[in-house]
Amino acid sequence: MKSFGFLPKNGQNKIPISTLSKDKVKKLANLRVIQKTLVYVIGLAPDIASESKLRSLDHFGQYGKIDKIVINTNNPFNGGRGGPSYSAYMTFANPRDAANCILSVDQFLYNDRLIRASFGTSKFCQYFLSAQKCSNKDCLYLHELRADLEAYTKEDMQSNKFIFQEQQKIAIKLSKALEMTLEEFK
Ligand SMILES: [Zn+2]
């Protein structure tokens, strides 16, 4: 967030939304924040596109504990040589496992499908942005602004530029993941 000009006062990490100008809040609405435990994978062959297969130690379970898996089989990607492939979101219990997973499986060829993996993103909740309390307890959006969050703009997400930036970030995360303890990595 610091690269977007969201700087905390007095060395604090959390930034109260009420302290921001209208322009800054507008900027926040346009950001997609990296979720460090969320892995987005595309290129999954149908034979592994089930929760039990993905969770198994032969596949994504080998990188660590997975709290949640959501597979999208409604919109298969049909462009590859090998036939249809699916996408999935997997929430790991800790961010280092998610980073290791991404670095290990991205660009891996399985059953003639190229697997691509990246961190998933989320955006700020509309209620949070308007400094109101969000009453939806299942709300998937973000309700906290912290200086250490990493984000992209919506435009980056839609252009190829994003893929390049993302890969760089992932590479940085790899080196961190291998050298740092779990507490430091968080
Ligand atoms: Zn909300």
# chains A, B, ... in the order shown; residues from 1 in each chain; ligands from 1
call {"tool": "residues_near_ligand", "arguments": {"ligand": "ligand 1", "cutoff": "9 Å", "atoms": "only C-alpha atoms and all ligand atoms", "output": "list in words"}}
result
Phe124, Cys125, Gln126, Tyr127, Phe128, Lys133, Cys134, Ser135, Asn136, Lys137, Asp138, Cys139, Leu140, Tyr141, Leu142 and His143 of chain A
call {"tool": "write_last_selection", "arguments": {"atoms": "N, CA and C atoms", "output": "PDB file, in the first residue's frame"}}
result
ATOM      1  N   PHE A 124     -11.610  -4.075  -1.417  1.00  0.00           N
ATOM      2  CA  PHE A 124     -12.156  -3.526  -0.173  1.00  0.00           C
ATOM      3  C   PHE A 124     -13.682  -3.519  -0.227  1.00  0.00           C
ATOM      4  N   CYS A 125     -14.277  -3.849   0.922  1.00  0.00           N
ATOM      5  CA  CYS A 125     -15.736  -3.865   1.055  1.00  0.00           C
ATOM      6  C   CYS A 125     -16.288  -2.439   0.884  1.00  0.00           C
ATOM      7  N   GLN A 126     -17.409  -2.329   0.195  1.00  0.00           N
ATOM      8  CA  GLN A 126     -18.047  -1.031  -0.024  1.00  0.00           C
ATOM      9  C   GLN A 126     -18.409  -0.331   1.288  1.00  0.00           C
ATOM     10  N   TYR A 127     -18.854  -1.113   2.259  1.00  0.00           N
ATOM     11  CA  TYR A 127     -19.216  -0.535   3.569  1.00  0.00           C
ATOM     12  C   TYR A 127     -17.977   0.032   4.259  1.00  0.00           C
ATOM     13  N   PHE A 128     -16.894  -0.750   4.193  1.00  0.00           N
ATOM     14  CA  PHE A 128     -15.638  -0.281   4.785  1.00  0.00           C
ATOM     15  C   PHE A 128     -15.202   1.031   4.132  1.00  0.00           C
ATOM     16  N   LYS A 133     -20.210   0.188   9.105  1.00  0.00           N
ATOM     17  CA  LYS A 133     -19.981  -1.169   9.591  1.00  0.00           C
ATOM     18  C   LYS A 133     -20.625  -2.153   8.616  1.00  0.00           C
ATOM     19  N   CYS A 134     -19.870  -3.166   8.230  1.00  0.00           N
ATOM     20  CA  CYS A 134     -20.416  -4.190   7.331  1.00  0.00           C
ATOM     21  C   CYS A 134     -21.143  -5.232   8.175  1.00  0.00           C
ATOM     22  N   SER A 135     -22.414  -5.441   7.877  1.00  0.00           N
ATOM     23  CA  SER A 135     -23.191  -6.361   8.718  1.00  0.00           C
ATOM     24  C   SER A 135     -23.270  -7.771   8.127  1.00  0.00           C
ATOM     25  N   ASN A 136     -22.657  -7.980   6.968  1.00  0.00           N
ATOM     26  CA  ASN A 136     -22.652  -9.310   6.365  1.00  0.00           C
ATOM     27  C   ASN A 136     -21.489 -10.108   6.938  1.00  0.00           C
ATOM     28  N   LYS A 137     -21.810 -11.066   7.813  1.00  0.00           N
ATOM     29  CA  LYS A 137     -20.722 -11.773   8.481  1.00  0.00           C
ATOM     30  C   LYS A 137     -19.989 -12.729   7.535  1.00  0.00           C
ATOM     31  N   ASP A 138     -20.575 -13.015   6.369  1.00  0.00           N
ATOM     32  CA  ASP A 138     -19.901 -13.845   5.385  1.00  0.00           C
ATOM     33  C   ASP A 138     -19.217 -13.014   4.292  1.00  0.00           C
ATOM     34  N   CYS A 139     -19.147 -11.712   4.504  1.00  0.00           N
ATOM     35  CA  CYS A 139     -18.562 -10.821   3.504  1.00  0.00           C
ATOM     36  C   CYS A 139     -17.126 -11.252   3.187  1.00  0.00           C
ATOM     37  N   LEU A 140     -16.851 -11.393   1.898  1.00  0.00           N
ATOM     38  CA  LEU A 140     -15.533 -11.882   1.476  1.00  0.00           C
ATOM     39  C   LEU A 140     -14.548 -10.746   1.236  1.00  0.00           C
ATOM     40  N   TYR A 141     -15.039  -9.510   1.304  1.00  0.00           N
ATOM     41  CA  TYR A 141     -14.173  -8.391   0.986  1.00  0.00           C
ATOM     42  C   TYR A 141     -13.396  -7.905   2.211  1.00  0.00           C
ATOM     43  N   LEU A 142     -12.499  -6.956   1.996  1.00  0.00           N
ATOM     44  CA  LEU A 142     -11.582  -6.536   3.054  1.00  0.00           C
ATOM     45  C   LEU A 142     -12.151  -5.392   3.886  1.00  0.00           C
ATOM     46  N   HIS A 143     -11.902  -5.455   5.195  1.00  0.00           N
ATOM     47  CA  HIS A 143     -12.434  -4.458   6.125  1.00  0.00           C
ATOM     48  C   HIS A 143     -11.329  -3.795   6.929  1.00  0.00           C
TER      49      HIS A 143
END
call {"tool": "select_by_dssp", "arguments": {"residues": "stretch 14-180 of chain A", "states": "strand (DSSP E or B)", "output": "mmCIF file with C-alpha atoms, in the first residue's frame"}}
result
data_model
loop_
_atom_site.group_PDB
_atom_site.id
_atom_site.type_symbol
_atom_site.label_atom_id
_atom_site.label_comp_id
_atom_site.auth_asym_id
_atom_site.auth_seq_id
_atom_site.Cartn_x
_atom_site.Cartn_y
_atom_site.Cartn_z
ATOM 1 C CA LYS A 14 -3.173 0.058 10.395
ATOM 2 C CA LEU A 31 -7.170 -1.754 -5.908
ATOM 3 C CA ARG A 32 -6.967 -5.523 -5.881
ATOM 4 C CA VAL A 33 -5.164 -6.697 -2.777
ATOM 5 C CA ILE A 34 -2.970 -9.801 -2.805
ATOM 6 C CA GLN A 35 -4.243 -12.503 -0.480
ATOM 7 C CA LYS A 36 -1.101 -14.193 0.760
ATOM 8 C CA THR A 37 -2.777 -17.473 1.670
ATOM 9 C CA LEU A 38 -4.962 -17.668 -1.440
ATOM 10 C CA VAL A 39 -3.675 -19.507 -4.511
ATOM 11 C CA TYR A 40 -5.422 -19.200 -7.870
ATOM 12 C CA VAL A 41 -4.647 -22.013 -10.296
ATOM 13 C CA ILE A 42 -5.669 -22.451 -13.922
ATOM 14 C CA GLY A 43 -5.021 -25.373 -16.282
ATOM 15 C CA LEU A 44 -6.308 -28.181 -14.068
ATOM 16 C CA ILE A 66 -5.365 -26.322 2.788
ATOM 17 C CA ASP A 67 -8.318 -24.776 4.605
ATOM 18 C CA LYS A 68 -10.636 -24.287 1.661
ATOM 19 C CA ILE A 69 -10.901 -25.284 -2.000
ATOM 20 C CA VAL A 70 -13.307 -23.801 -4.537
ATOM 21 C CA ILE A 71 -13.178 -25.377 -7.999
ATOM 22 C CA ASN A 72 -14.785 -23.678 -10.980
ATOM 23 C CA THR A 73 -15.974 -26.357 -13.393
ATOM 24 C CA ASN A 74 -18.738 -24.180 -14.852
ATOM 25 C CA ASN A 75 -16.459 -22.247 -17.157
ATOM 26 C CA PRO A 76 -13.876 -24.681 -18.521
ATOM 27 C CA PHE A 77 -11.038 -23.316 -20.592
ATOM 28 C CA SER A 85 -9.177 -27.466 -18.100
ATOM 29 C CA TYR A 86 -10.513 -25.896 -14.912
ATOM 30 C CA SER A 87 -9.543 -23.275 -12.392
ATOM 31 C CA ALA A 88 -9.582 -23.335 -8.595
ATOM 32 C CA TYR A 89 -9.025 -21.148 -5.555
ATOM 33 C CA MET A 90 -7.204 -22.791 -2.673
ATOM 34 C CA THR A 91 -6.808 -21.165 0.731
ATOM 35 C CA PHE A 92 -3.725 -22.392 2.555
ATOM 36 C CA PHE A 108 4.091 -27.194 -14.733
ATOM 37 C CA LEU A 109 2.742 -29.349 -17.568
ATOM 38 C CA TYR A 110 0.227 -31.922 -16.355
ATOM 39 C CA ARG A 113 -2.308 -28.693 -19.758
ATOM 40 C CA LEU A 114 -0.057 -25.879 -18.641
ATOM 41 C CA ILE A 115 -0.727 -25.041 -15.005
ATOM 42 C CA ARG A 116 -0.457 -21.368 -14.058
ATOM 43 C CA ALA A 117 -0.581 -20.327 -10.431
ATOM 44 C CA SER A 118 -0.693 -16.947 -8.739
ATOM 45 C CA PHE A 119 -1.861 -15.323 -5.543
ATOM 46 C CA GLY A 120 -5.570 -14.597 -5.477
ATOM 47 C CA THR A 121 -6.739 -11.050 -4.859
ATOM 48 C CA SER A 122 -9.601 -9.365 -3.056
ATOM 49 C CA PHE A 124 -12.156 -3.526 -0.173
ATOM 50 C CA LEU A 142 -11.582 -6.536 3.054
ATOM 51 C CA ARG A 146 -2.796 -1.867 6.452
ATOM 52 C CA ALA A 151 -1.989 -4.553 -4.274
ATOM 53 C CA TYR A 152 -2.447 -3.984 -7.981
ATOM 54 C CA THR A 153 -4.754 -1.645 -9.818
#
call {"tool": "closest_residue", "arguments": {"among": "A:Asp23, A:Gln12, A:Gln62, A:Gly82", "to": "A:Asn100", "atoms": "only C-alpha atoms"}}
result
A:Gln62
call {"tool": "select_by_dssp", "arguments": {"residues": "stretch 41-127 of chain A", "states": "helix (DSSP H, G or I)", "output": "list in words"}}
result
Pro46, Asp47, Ile48, Glu51, Ser52, Lys53, Leu54, Arg55, Phe60, Gly61, Gln62, Tyr63, Pro95, Arg96, Asp97, Ala98, Ala99, Asn100, Cys101, Ile102, Leu103, Ser104, Val105, Gln126 and Tyr127 of chain A
call {"tool": "write_last_selection", "arguments": {"atoms": "C-alpha atoms", "output": "mmCIF file, in the first residue's frame"}}
result
data_model
loop_
_atom_site.group_PDB
_atom_site.id
_atom_site.type_symbol
_atom_site.label_atom_id
_atom_site.label_comp_id
_atom_site.auth_asym_id
_atom_site.auth_seq_id
_atom_site.Cartn_x
_atom_site.Cartn_y
_atom_site.Cartn_z
ATOM 1 C CA PRO A 46 -10.487 -32.887 -15.283
ATOM 2 C CA ASP A 47 -8.943 -35.929 -13.584
ATOM 3 C CA ILE A 48 -7.545 -33.773 -10.772
ATOM 4 C CA GLU A 51 -11.494 -31.400 -3.892
ATOM 5 C CA SER A 52 -10.128 -34.750 -2.703
ATOM 6 C CA LYS A 53 -7.600 -34.993 -5.557
ATOM 7 C CA LEU A 54 -6.382 -31.423 -5.155
ATOM 8 C CA ARG A 55 -6.074 -31.838 -1.409
ATOM 9 C CA PHE A 60 -1.544 -29.573 -3.788
ATOM 10 C CA GLY A 61 -1.766 -31.035 -0.293
ATOM 11 C CA GLN A 62 1.994 -31.654 -0.350
ATOM 12 C CA TYR A 63 2.666 -27.926 0.100
ATOM 13 C CA PRO A 95 1.271 -17.885 3.482
ATOM 14 C CA ARG A 96 4.644 -19.546 3.135
ATOM 15 C CA ASP A 97 3.002 -22.772 1.986
ATOM 16 C CA ALA A 98 0.941 -20.810 -0.518
ATOM 17 C CA ALA A 99 4.098 -19.133 -1.872
ATOM 18 C CA ASN A 100 5.918 -22.453 -2.154
ATOM 19 C CA CYS A 101 2.928 -23.958 -3.911
ATOM 20 C CA ILE A 102 2.849 -21.159 -6.504
ATOM 21 C CA LEU A 103 6.568 -21.357 -7.157
ATOM 22 C CA SER A 104 6.446 -25.134 -7.493
ATOM 23 C CA VAL A 105 3.428 -25.599 -9.742
ATOM 24 C CA GLN A 126 -18.047 -1.031 -0.024
ATOM 25 C CA TYR A 127 -19.216 -0.535 3.569
#
call {"tool": "closest_residue", "arguments": {"among": "A:Val25, A:Ala93, A:Ala49, A:Ile17", "to": "A:Phe4", "atoms": "only C-alpha atoms"}}
result
A:Val25
call {"tool": "atom_distance", "arguments": {"atom1": "atom CA of A:Phe6", "atom2": "atom CA of A:Asp156"}}
result
18.4 Å
call {"tool": "atom_distance", "arguments": {"atom1": "atom CA of A:Lys22", "atom2": "atom CA of A:Asn10"}}
result
21.9 Å
call {"tool": "atom_distance", "arguments": {"atom1": "atom CA of A:Glu155", "atom2": "atom CA of A:Gln132"}}
result
26.8 Å
